[in-house]
>>> print(open('coords_14.txt').read())   # compact mmCIF, C-alpha atoms
# COMPACT_ATOMS: atom_id res chain seq x y z
CA MET A 514 76.66 100.01 114.67
CA ASN A 515 78.10 103.11 116.33
CA ARG A 516 78.26 106.34 114.38
CA ARG A 517 81.57 108.13 114.73
CA LYS A 518 81.88 111.84 115.24
CA PRO A 519 83.30 113.60 112.13
CA ALA A 520 86.81 114.98 112.56
CA SER A 521 87.84 118.55 111.88
CA TRP A 522 89.06 118.69 108.31
CA LEU A 523 92.02 120.05 106.45
CA LEU A 524 91.72 121.80 103.15
CA ALA A 525 91.45 118.95 100.71
CA ALA A 526 93.03 120.19 97.53
CA SER A 527 95.51 119.55 94.77
CA LEU A 528 96.75 120.38 91.07
CA VAL A 529 96.50 118.47 88.82
CA THR A 530 98.75 94.41 80.13
CA THR A 531 99.99 91.79 79.98
CA GLY A 532 101.60 89.54 82.56
CA ALA A 533 101.89 92.80 84.49
CA ALA A 534 98.41 92.12 85.81
CA LEU A 535 99.91 89.42 87.97
CA ALA A 536 101.96 92.05 89.78
CA GLU A 537 98.79 93.35 91.40
CA VAL A 538 98.29 90.11 93.29
CA ASN A 539 99.94 90.15 96.71
CA VAL A 540 99.80 87.94 99.76
CA PRO A 541 98.60 89.54 103.02
CA ASP A 542 99.43 87.88 106.33
CA VAL A 543 98.07 87.86 109.85
CA ALA A 544 100.47 89.87 112.00
CA VAL A 545 99.21 91.80 115.03
CA ALA A 546 98.56 95.54 114.66
CA GLU A 547 100.76 98.09 116.40
CA PRO A 548 99.78 101.60 117.43
CA PRO A 549 100.40 104.34 114.83
CA GLY A 550 103.76 106.11 114.91
CA SER A 551 104.51 109.75 115.52
CA ILE A 552 103.36 112.37 113.05
CA ILE A 553 105.89 113.94 110.71
CA GLU A 554 106.32 117.66 110.27
CA ALA A 555 105.82 118.63 106.63
CA LYS A 556 106.20 121.95 104.86
CA PRO A 557 103.02 123.38 103.32
CA ALA A 558 102.42 123.01 99.62
CA GLU A 559 103.59 125.75 97.27
CA THR A 560 100.03 126.87 96.63
CA SER A 561 98.06 128.74 99.28
CA ARG A 562 94.76 128.82 97.40
CA PRO A 563 91.81 128.10 99.74
CA TRP A 564 90.41 125.02 98.05
CA PRO A 565 87.08 123.60 99.30
CA LEU A 566 86.66 120.72 101.68
CA LEU A 567 85.40 117.60 99.94
CA ARG A 568 83.78 116.62 103.24
CA TYR A 569 81.21 119.38 102.71
CA SER A 570 80.86 119.16 98.94
CA ARG A 571 78.13 116.54 98.53
CA ASP A 572 75.89 117.42 95.60
CA PRO A 573 72.31 116.24 96.31
CA TRP A 574 71.48 115.87 92.61
CA LEU A 575 74.61 113.89 91.83
CA GLN A 576 74.13 111.81 94.99
CA ALA A 577 70.58 110.87 94.05
CA GLU A 578 71.61 110.05 90.49
CA LEU A 579 74.50 107.86 91.67
CA ARG A 580 72.16 105.81 93.85
CA SER A 581 69.70 105.56 90.97
CA THR A 582 72.52 104.46 88.68
CA LEU A 583 73.55 101.67 91.05
CA ARG A 584 69.97 100.40 90.96
CA ARG A 585 69.84 100.64 87.17
CA ILE A 586 73.01 98.60 86.64
CA GLY A 587 72.09 96.07 89.33
CA LEU A 588 74.68 96.99 91.96
CA ASP A 589 72.44 98.51 94.61
CA ARG A 590 72.23 95.27 96.59
CA ALA A 591 76.02 94.94 96.60
CA ALA A 592 76.24 98.48 97.95
CA SER A 593 73.62 97.85 100.62
CA GLU A 594 75.56 94.77 101.73
CA ARG A 595 78.76 96.87 101.82
CA LYS A 596 80.39 94.71 99.18
CA LEU A 597 80.73 97.77 96.98
CA ALA A 598 81.91 101.27 97.90
CA VAL A 599 81.99 104.16 95.45
CA ALA A 600 83.03 107.81 95.25
CA LEU A 601 82.53 110.21 92.34
CA VAL A 602 83.81 113.80 92.32
CA ASP A 603 83.13 116.16 89.41
CA ILE A 604 86.08 118.59 89.40
CA THR A 605 85.44 120.25 86.06
CA VAL A 606 85.21 123.43 88.14
CA ARG A 607 88.05 122.86 90.59
CA GLU A 608 86.84 125.59 92.93
CA ARG A 609 83.46 123.85 93.27
CA PRO A 610 83.97 120.07 93.43
CA ARG A 611 80.73 118.09 93.54
CA VAL A 612 80.80 114.82 95.44
CA ALA A 613 78.56 111.76 95.36
CA ALA A 614 79.42 108.61 97.28
CA VAL A 615 77.97 105.37 98.59
CA ASN A 616 79.77 103.76 101.53
CA ALA A 617 82.27 106.61 101.29
CA HIS A 618 84.12 105.69 104.49
CA GLU A 619 84.04 101.91 104.08
CA MET A 620 87.51 100.62 104.95
CA MET A 621 88.31 97.74 102.60
CA TYR A 622 91.29 95.67 101.62
CA ALA A 623 92.66 97.49 98.57
CA ALA A 624 95.60 95.33 97.40
CA SER A 625 97.84 97.42 95.12
CA LEU A 626 95.81 100.63 95.15
CA PRO A 627 97.65 102.01 98.25
CA LYS A 628 100.86 102.06 96.23
CA ILE A 629 99.83 105.66 95.56
CA ALA A 630 100.81 106.34 99.19
CA ILE A 631 104.34 105.08 98.49
CA LEU A 632 104.46 107.37 95.44
CA LEU A 633 103.47 110.33 97.60
CA GLY A 634 105.98 109.32 100.27
CA ALA A 635 108.82 109.27 97.74
CA PHE A 636 108.08 112.77 96.47
CA GLN A 637 107.51 114.13 99.98
CA LYS A 638 110.82 112.70 101.16
CA ALA A 639 112.55 114.09 98.06
CA ALA A 640 111.16 117.54 98.84
CA GLU A 641 112.72 117.29 102.29
CA GLY A 642 116.10 116.47 100.75
CA ASP A 643 116.28 112.87 101.94
CA LEU A 644 115.66 111.10 98.62
CA VAL A 645 116.67 111.85 95.04
CA ILE A 646 114.12 111.23 92.28
CA ASP A 647 116.69 110.40 89.62
CA LYS A 648 116.01 108.56 86.36
CA ALA A 649 116.33 105.11 87.92
CA THR A 650 114.06 105.99 90.85
CA ARG A 651 111.47 107.49 88.52
CA GLU A 652 111.51 104.32 86.47
CA ARG A 653 110.91 102.21 89.58
CA LEU A 654 108.05 104.47 90.68
CA THR A 655 106.54 104.26 87.21
CA ALA A 656 106.77 100.46 87.18
CA MET A 657 105.16 100.41 90.64
CA ILE A 658 102.18 102.46 89.43
CA ARG A 659 101.63 101.70 85.74
CA ASN A 660 102.58 98.01 85.80
CA SER A 661 101.81 97.55 89.51
CA SER A 662 105.21 95.91 90.05
CA ASN A 663 105.31 94.40 93.53
CA ALA A 664 109.11 94.26 93.44
CA ALA A 665 109.32 97.97 92.65
CA ALA A 666 106.75 98.79 95.33
CA THR A 667 108.63 96.85 98.00
CA GLU A 668 111.94 98.43 96.99
CA MET A 669 110.49 101.96 97.12
CA LEU A 670 108.66 101.33 100.39
CA GLU A 671 111.92 100.23 101.97
CA ARG A 672 113.76 103.25 100.58
CA VAL A 673 111.12 105.74 101.72
CA GLY A 674 110.61 103.96 105.04
CA TYR A 675 107.66 102.14 106.58
CA ASP A 676 107.39 104.57 109.49
CA TYR A 677 107.74 107.53 107.18
CA VAL A 678 104.83 106.49 104.97
CA ALA A 679 102.56 105.62 107.90
CA ASN A 680 103.32 108.88 109.71
CA MET A 681 102.88 110.92 106.55
CA LEU A 682 99.45 109.41 105.88
CA GLN A 683 98.36 110.33 109.43
CA SER A 684 100.04 113.75 109.48
CA ALA A 685 98.06 116.94 109.96
CA ARG A 686 99.17 118.00 106.52
CA TYR A 687 97.46 115.15 104.67
CA LEU A 688 95.21 113.15 107.04
CA LEU A 689 94.79 110.49 104.38
CA TYR A 690 94.41 108.01 107.23
CA ASP A 691 92.22 109.37 110.03
CA PRO A 692 90.72 107.09 112.71
CA GLU A 693 87.90 109.59 113.27
CA MET A 694 86.95 109.18 109.60
CA ASN A 695 87.07 105.37 109.79
CA GLY A 696 90.55 105.03 108.35
CA GLY A 697 91.78 105.72 104.84
CA LEU A 698 94.94 104.92 102.90
CA TRP A 699 97.24 102.47 104.65
CA VAL A 700 100.41 100.57 103.71
CA GLY A 701 101.48 98.25 106.49
CA LYS A 702 103.18 95.45 104.60
CA PRO A 703 105.70 95.11 101.78
CA TYR A 704 104.33 93.80 98.51
CA ALA A 705 106.13 90.52 99.02
CA ARG A 706 105.73 87.21 100.82
CA GLN A 707 106.77 88.42 104.24
CA GLY A 708 105.07 89.53 107.42
CA ALA A 709 103.24 92.77 107.98
CA TRP A 710 105.16 95.64 109.51
CA LYS A 711 102.17 97.43 111.02
CA ARG A 712 98.51 96.84 110.22
CA ASP A 713 96.00 99.66 110.26
CA PRO A 714 94.85 100.55 113.79
CA LEU A 715 91.11 100.16 113.14
CA TYR A 716 90.64 97.06 110.99
CA ASN A 717 94.00 95.28 111.08
CA LEU A 718 94.36 95.54 107.29
CA SER A 719 97.78 95.33 105.66
CA HIS A 720 96.85 97.38 102.58
CA GLY A 721 93.63 99.34 103.03
CA ALA A 722 91.67 102.33 101.78
CA THR A 723 88.34 104.12 101.89
CA PRO A 724 86.86 105.60 98.71
CA PHE A 725 86.62 109.06 100.25
CA GLU A 726 90.27 109.33 101.25
CA VAL A 727 91.40 108.00 97.88
CA ALA A 728 89.21 110.66 96.24
CA ARG A 729 90.86 113.27 98.47
CA PHE A 730 94.27 112.05 97.30
CA TYR A 731 93.32 112.69 93.68
CA TYR A 732 91.68 116.04 94.42
CA MET A 733 94.80 117.19 96.28
CA LEU A 734 96.87 115.89 93.36
CA ASP A 735 94.82 117.78 90.79
CA THR A 736 94.94 121.06 92.70
CA GLY A 737 98.68 120.91 93.42
CA GLN A 738 98.74 120.22 97.15
CA LEU A 739 100.48 116.87 97.19
CA VAL A 740 103.97 118.08 98.14
CA SER A 741 104.00 120.96 95.61
CA GLU A 742 102.51 121.94 92.27
CA GLN A 743 105.57 120.62 90.42
CA ALA A 744 105.63 117.35 92.36
CA SER A 745 101.90 116.92 91.78
CA LEU A 746 102.44 117.33 88.04
CA GLU A 747 105.21 114.74 88.09
CA MET A 748 103.05 112.28 90.03
CA LYS A 749 100.22 112.79 87.55
CA GLU A 750 102.61 111.87 84.74
CA ILE A 751 103.58 108.65 86.54
CA LEU A 752 99.90 107.80 87.09
CA SER A 753 99.07 108.28 83.40
CA ASP A 754 99.16 105.69 80.59
CA PRO A 755 98.21 102.65 82.71
CA ALA A 756 99.70 99.41 81.38
CA ILE A 757 97.03 97.10 82.82
CA SER A 758 93.80 97.29 80.81
CA HIS A 759 91.06 96.09 83.11
CA LYS A 760 88.31 97.54 85.37
CA PHE A 761 88.01 101.31 84.81
CA VAL A 762 90.45 101.28 81.90
CA ALA A 763 88.63 98.45 80.11
CA GLY A 764 85.26 100.16 80.50
CA LEU A 765 86.46 103.56 79.31
CA ASN A 766 88.55 102.26 76.42
CA ALA A 767 85.63 100.19 75.15
CA HIS A 768 82.86 102.73 75.60
CA ARG A 769 84.46 106.16 76.10
CA PRO A 770 87.57 106.19 73.89
CA GLY A 771 89.77 109.24 74.09
CA SER A 772 89.66 109.48 77.87
CA VAL A 773 92.88 110.57 79.57
CA ILE A 774 93.24 108.27 82.59
CA MET A 775 95.54 108.73 85.58
CA ARG A 776 94.93 105.64 87.67
CA LYS A 777 95.90 102.99 90.19
CA SER A 778 94.03 99.75 90.76
CA GLY A 779 94.39 96.71 92.97
CA THR A 780 93.41 93.03 92.92
CA TRP A 781 93.63 90.17 95.40
CA ARG A 782 91.27 87.19 95.35
CA THR A 783 87.73 88.64 95.58
CA PHE A 784 88.95 92.17 96.36
CA HIS A 785 88.93 94.57 93.42
CA ALA A 786 89.71 98.28 93.59
CA ASP A 787 90.20 101.03 91.05
CA SER A 788 90.77 104.76 91.26
CA ALA A 789 91.33 107.39 88.61
CA LEU A 790 91.45 111.01 87.63
CA ILE A 791 89.78 111.17 84.22
CA GLU A 792 89.72 113.95 81.60
CA ARG A 793 87.79 114.10 78.32
CA ASP A 794 86.13 116.75 76.19
CA GLY A 795 86.70 119.54 78.67
CA ARG A 796 85.40 117.66 81.71
CA ARG A 797 87.37 116.07 84.54
CA TYR A 798 86.35 113.86 87.41
CA ILE A 799 87.61 111.49 90.08
CA ALA A 800 86.20 107.98 90.32
CA VAL A 801 86.89 105.39 93.02
CA GLY A 802 85.36 101.93 93.23
CA MET A 803 86.10 99.13 95.70
CA ALA A 804 84.44 95.72 95.67
CA ASN A 805 84.62 92.42 97.52
CA HIS A 806 83.12 89.92 95.11
CA PRO A 807 84.38 87.46 92.46
CA SER A 808 82.70 89.64 89.80
CA GLY A 809 84.16 92.85 91.20
CA SER A 810 86.37 93.56 88.18
CA ARG A 811 83.39 93.39 85.81
CA TRP A 812 81.33 95.50 88.22
CA LEU A 813 83.91 98.27 88.07
CA SER A 814 84.09 98.18 84.26
CA ARG A 815 80.33 98.76 84.11
CA LEU A 816 80.34 101.24 86.93
CA ILE A 817 82.89 103.62 85.40
CA VAL A 818 80.85 103.94 82.20
CA ALA A 819 77.71 104.70 84.22
CA MET A 820 79.59 107.28 86.33
CA ASP A 821 81.01 108.85 83.18
CA ASP A 822 77.44 109.22 81.90
CA LEU A 823 76.54 111.11 85.08
CA VAL A 824 79.42 113.54 84.67
CA PHE A 825 78.41 114.25 81.06
CA ASN A 826 74.67 114.36 81.80
CA PRO A 827 73.36 117.73 80.49
CA VAL A 828 71.77 118.45 83.86
CA ASN A 829 75.11 117.97 85.58
CA VAL A 830 76.95 120.03 82.94
CA ALA A 831 74.50 122.91 83.46
CA ARG A 832 75.34 122.88 87.17
CA ASP A 833 78.90 124.01 86.38
CA SER A 834 77.64 127.59 86.16
CA THR A 835 74.81 127.34 88.67
CA PRO A 836 75.31 127.74 92.44
CA THR A 837 74.61 124.40 94.10
CA ASP A 838 73.36 123.64 97.58
CA LEU A 839 76.25 121.44 98.68
CA LYS A 840 75.95 119.39 101.86
CA GLN A 841 78.03 117.21 104.16
CA ILE A 842 78.56 113.65 102.96
CA GLU A 843 77.50 110.70 105.06
CA ALA A 844 79.26 110.35 108.41
CA PRO A 845 81.57 107.35 108.86
CA THR A 846 80.44 104.24 110.68
CA ARG A 847 82.47 101.52 112.32
CA ARG A 848 81.91 97.88 111.47
CA SER A 849 83.89 94.67 111.55
CA ALA A 850 86.05 93.99 108.52
CA ALA A 851 87.78 90.96 107.01
CA VAL A 852 91.51 90.76 107.75
CA PRO A 853 93.39 89.83 104.56
>>> encode(input="coords_14.txt", output="structure tokens")
Amino acid sequence: MNRRKPASWLLAASLVTTGAALAEVNVPDVAVAEPPGSIIEAKPAETSRPWPLLRYSRDPWLQAELRSTLRRIGLDRAASERKLAVALVDITVRERPRVAAVNAHEMMYAASLPKIAILLGAFQKAAEGDLVIDKATRERLTAMIRNSSNAAATEMLERVGYDYVANMLQSARYLLYDPEMNGGLWVGKPYARQGAWKRDPLYNLSHGATPFEVARFYYMLDTGQLVSEQASLEMKEILSDPAISHKFVAGLNAHRPGSVIMRKSGTWRTFHADSALIERDGRRYIAVGMANHPSGSRWLSRLIVAMDDLVFNPVNVARDSTPTDLKQIEAPTRRSAAVP
């Protein structure tokens, strides 16, 4: 296994069921990957605040407790076998995010989770004057996120543009897909029964993600740097009130009622992914979980409750007002991946 050299990093910041569950299921294919397209030029966000880099925000205490938690709930073996990848970011103090992650840069098939990239693409293109977010468009974006509508996702991907989304994800502004960081968010196929347009350059995945880059998406969202502060607020609204009650939502609703959840999940066969920005009782955090196992959905329901406990642990709460010795998170590694 070759260890990759970390890339230089941008400021990672940002502002703040029913039969619908079937919409998350999509059918990948086996088309050949093409090289990434050119990088778009994007205007800077409306905020110039120097937010911290998540890459250098690993909290040793939270990291140790996350690993201990995985052992306690019986998921440490799944993590060691790279069948489970997790990221947790306490952003109660936005200026001092605290990161813990296991297999942070593991590139996995993420099914519907990368629809968040289409959402970002729509608002970015609207900011550039090439798309209007009118009532009908907002309704389609909301159906794509809350209900995970594949038809809405395919429609919006075609309207925003395949090249546009891919180039935006790789752009210097966002770097949500970075080969030097083992990948990240990728949308290379419509959410329909048709061939891939362009698979990700590293692992040939049609819809992929790493926990770390998904966490960066939510941190940039919460601190107002996805397009603009206003656009970030509008995207947060679309991500709220999830209509599919499984995985993170099921765990929190059952054991931590009252949580405000802004989320996007994904499911295909044994691949289960969930991601959320969660607020409750004055605390806020980002959670990302990705699994490749038939029991992955149940794993994530248990995992979110355990991660919530870490965020509300009195020791962690006390660290809000105490300077912490933050470190760099684990460097990415390359490995072979399944090609769904």
>>> atom_distance(input="coords_14.txt", atom1="atom CA of A:Leu718", atom2="atom CA of A:Lys702")
9.2 Å
>>> closest_atom_pairs(input="coords_14.txt", of="stretch 660-686 of chain A", to="stretch 726-744 of chain A", cutoff="12 Å", atoms="only C-alpha atoms", output="tab-separated table")
residue	atom	partner	partner_atom	distance
A:Met681	CA	A:Val740	CA	11.1
A:Leu682	CA	A:Glu726	CA	10.3
A:Gln683	CA	A:Glu726	CA	11.5
A:Arg686	CA	A:Leu739	CA	9.5
>>> closest_residue(input="coords_14.txt", among="A:Val700, A:Ala767, A:Ala800, A:Val612", to="A:Ala722", atoms="only C-alpha atoms")
A:Val700
>>> closest_residue(input="coords_14.txt", among="A:Gly809, A:Pro853, A:Glu594, A:Val615", to="A:Glu578", atoms="all atoms listed in the file")
A:Val615
>>> atom_distance(input="coords_14.txt", atom1="atom CA of A:Trp699", atom2="atom CA of A:Asp713")
6.4 Å
>>> atom_distance(input="coords_14.txt", atom1="atom CA of A:Ala831", atom2="atom CA of A:Ser772")
21.0 Å
>>> residues_around(input="coords_14.txt", residues="A:Met621", least_positions_apart="4", cutoff="10 Å", atoms="all atoms listed in the file", output="JSON, numbers by chain")
{"A": [595, 596, 597, 598, 696, 697, 698, 716, 718, 720, 721, 722, 723, 724, 784, 785, 786, 803, 804, 805, 850, 851, 852, 853]}
>>> write_last_selection(input="coords_14.txt", atoms="C-alpha atoms", output="PDB file, keeping the file's coordinate frame")
ATOM      1  CA  ARG A 595      78.760  96.870 101.820  1.00  0.00           C
ATOM      2  CA  LYS A 596      80.390  94.710  99.180  1.00  0.00           C
ATOM      3  CA  LEU A 597      80.730  97.770  96.980  1.00  0.00           C
ATOM      4  CA  ALA A 598      81.910 101.270  97.900  1.00  0.00           C
ATOM      5  CA  GLY A 696      90.550 105.030 108.350  1.00  0.00           C
ATOM      6  CA  GLY A 697      91.780 105.720 104.840  1.00  0.00           C
ATOM      7  CA  LEU A 698      94.940 104.920 102.900  1.00  0.00           C
ATOM      8  CA  TYR A 716      90.640  97.060 110.990  1.00  0.00           C
ATOM      9  CA  LEU A 718      94.360  95.540 107.290  1.00  0.00           C
ATOM     10  CA  HIS A 720      96.850  97.380 102.580  1.00  0.00           C
ATOM     11  CA  GLY A 721      93.630  99.340 103.030  1.00  0.00           C
ATOM     12  CA  ALA A 722      91.670 102.330 101.780  1.00  0.00           C
ATOM     13  CA  THR A 723      88.340 104.120 101.890  1.00  0.00           C
ATOM     14  CA  PRO A 724      86.860 105.600  98.710  1.00  0.00           C
ATOM     15  CA  PHE A 784      88.950  92.170  96.360  1.00  0.00           C
ATOM     16  CA  HIS A 785      88.930  94.570  93.420  1.00  0.00           C
ATOM     17  CA  ALA A 786      89.710  98.280  93.590  1.00  0.00           C
ATOM     18  CA  MET A 803      86.100  99.130  95.700  1.00  0.00           C
ATOM     19  CA  ALA A 804      84.440  95.720  95.670  1.00  0.00           C
ATOM     20  CA  ASN A 805      84.620  92.420  97.520  1.00  0.00           C
ATOM     21  CA  ALA A 850      86.050  93.990 108.520  1.00  0.00           C
ATOM     22  CA  ALA A 851      87.780  90.960 107.010  1.00  0.00           C
ATOM     23  CA  VAL A 852      91.510  90.760 107.750  1.00  0.00           C
ATOM     24  CA  PRO A 853      93.390  89.830 104.560  1.00  0.00           C
TER      25      PRO A 853
END
>>> residues_around(input="coords_14.txt", residues="A:Val673", least_positions_apart="2", cutoff="9 Å", atoms="only C-alpha atoms", output="number ranges by chain")
A: 631, 634-635, 638, 643-644, 668-671, 675-678
>>> residues_near_point(input="coords_14.txt", point="(107.7, 99.5, 87.9)", cutoff="12 Å", atoms="all atoms listed in the file", output="PyMOL selection string")
chain A and resi 533+536-537+628+632+649-669+751-752+755-756
>>> closest_residue(input="coords_14.txt", among="A:Ala685, A:Val599, A:Ala624, A:Leu790", to="A:Leu583", atoms="only C-alpha atoms")
A:Val599
>>> decode(input="coords_14.txt", residues="stretch 788-829 of chain A", atoms="C-alpha atoms", output="mmCIF file, in the first residue's frame")
data_model
loop_
_atom_site.group_PDB
_atom_site.id
_atom_site.type_symbol
_atom_site.label_atom_id
_atom_site.label_comp_id
_atom_site.auth_asym_id
_atom_site.auth_seq_id
_atom_site.Cartn_x
_atom_site.Cartn_y
_atom_site.Cartn_z
ATOM 1 C CA SER A 788 -24.091 12.261 6.257
ATOM 2 C CA ALA A 789 -25.555 15.021 8.372
ATOM 3 C CA LEU A 790 -25.162 18.341 10.083
ATOM 4 C CA ILE A 791 -26.859 17.932 13.458
ATOM 5 C CA GLU A 792 -27.924 20.531 16.039
ATOM 6 C CA ARG A 793 -29.391 19.984 19.513
ATOM 7 C CA ASP A 794 -29.261 21.699 22.884
ATOM 8 C CA GLY A 795 -26.696 24.265 21.824
ATOM 9 C CA ARG A 796 -24.284 21.803 20.229
ATOM 10 C CA ARG A 797 -23.673 21.131 16.542
ATOM 11 C CA TYR A 798 -21.647 18.515 14.750
ATOM 12 C CA ILE A 799 -21.048 16.827 11.409
ATOM 13 C CA ALA A 800 -21.290 13.054 11.120
ATOM 14 C CA VAL A 801 -20.435 10.908 8.104
ATOM 15 C CA GLY A 802 -20.621 7.127 7.935
ATOM 16 C CA MET A 803 -20.046 4.827 4.954
ATOM 17 C CA ALA A 804 -20.330 1.043 5.042
ATOM 18 C CA ASN A 805 -20.101 -1.905 2.681
ATOM 19 C CA HIS A 806 -22.014 -4.657 4.451
ATOM 20 C CA PRO A 807 -25.568 -6.072 4.421
ATOM 21 C CA SER A 808 -25.998 -4.746 7.993
ATOM 22 C CA GLY A 809 -24.610 -1.328 7.119
ATOM 23 C CA SER A 810 -27.893 0.522 7.682
ATOM 24 C CA ARG A 811 -28.199 -0.852 11.223
ATOM 25 C CA TRP A 812 -24.517 -0.094 11.846
ATOM 26 C CA LEU A 813 -25.087 3.557 11.013
ATOM 27 C CA SER A 814 -28.161 3.810 13.249
ATOM 28 C CA ARG A 815 -26.078 2.588 16.196
ATOM 29 C CA LEU A 816 -23.057 4.604 15.215
ATOM 30 C CA ILE A 817 -24.802 7.986 15.146
ATOM 31 C CA VAL A 818 -26.094 7.540 18.703
ATOM 32 C CA ALA A 819 -22.594 6.630 19.902
ATOM 33 C CA MET A 820 -21.088 9.641 18.085
ATOM 34 C CA ASP A 821 -23.765 11.890 19.566
ATOM 35 C CA ASP A 822 -22.722 10.650 23.015
ATOM 36 C CA LEU A 823 -19.141 11.692 22.265
ATOM 37 C CA VAL A 824 -20.182 15.204 21.268
ATOM 38 C CA PHE A 825 -22.197 15.602 24.481
ATOM 39 C CA ASN A 826 -19.587 13.918 26.698
ATOM 40 C CA PRO A 827 -18.773 16.375 29.542
ATOM 41 C CA VAL A 828 -15.063 16.063 28.784
ATOM 42 C CA ASN A 829 -15.677 17.072 25.178
#
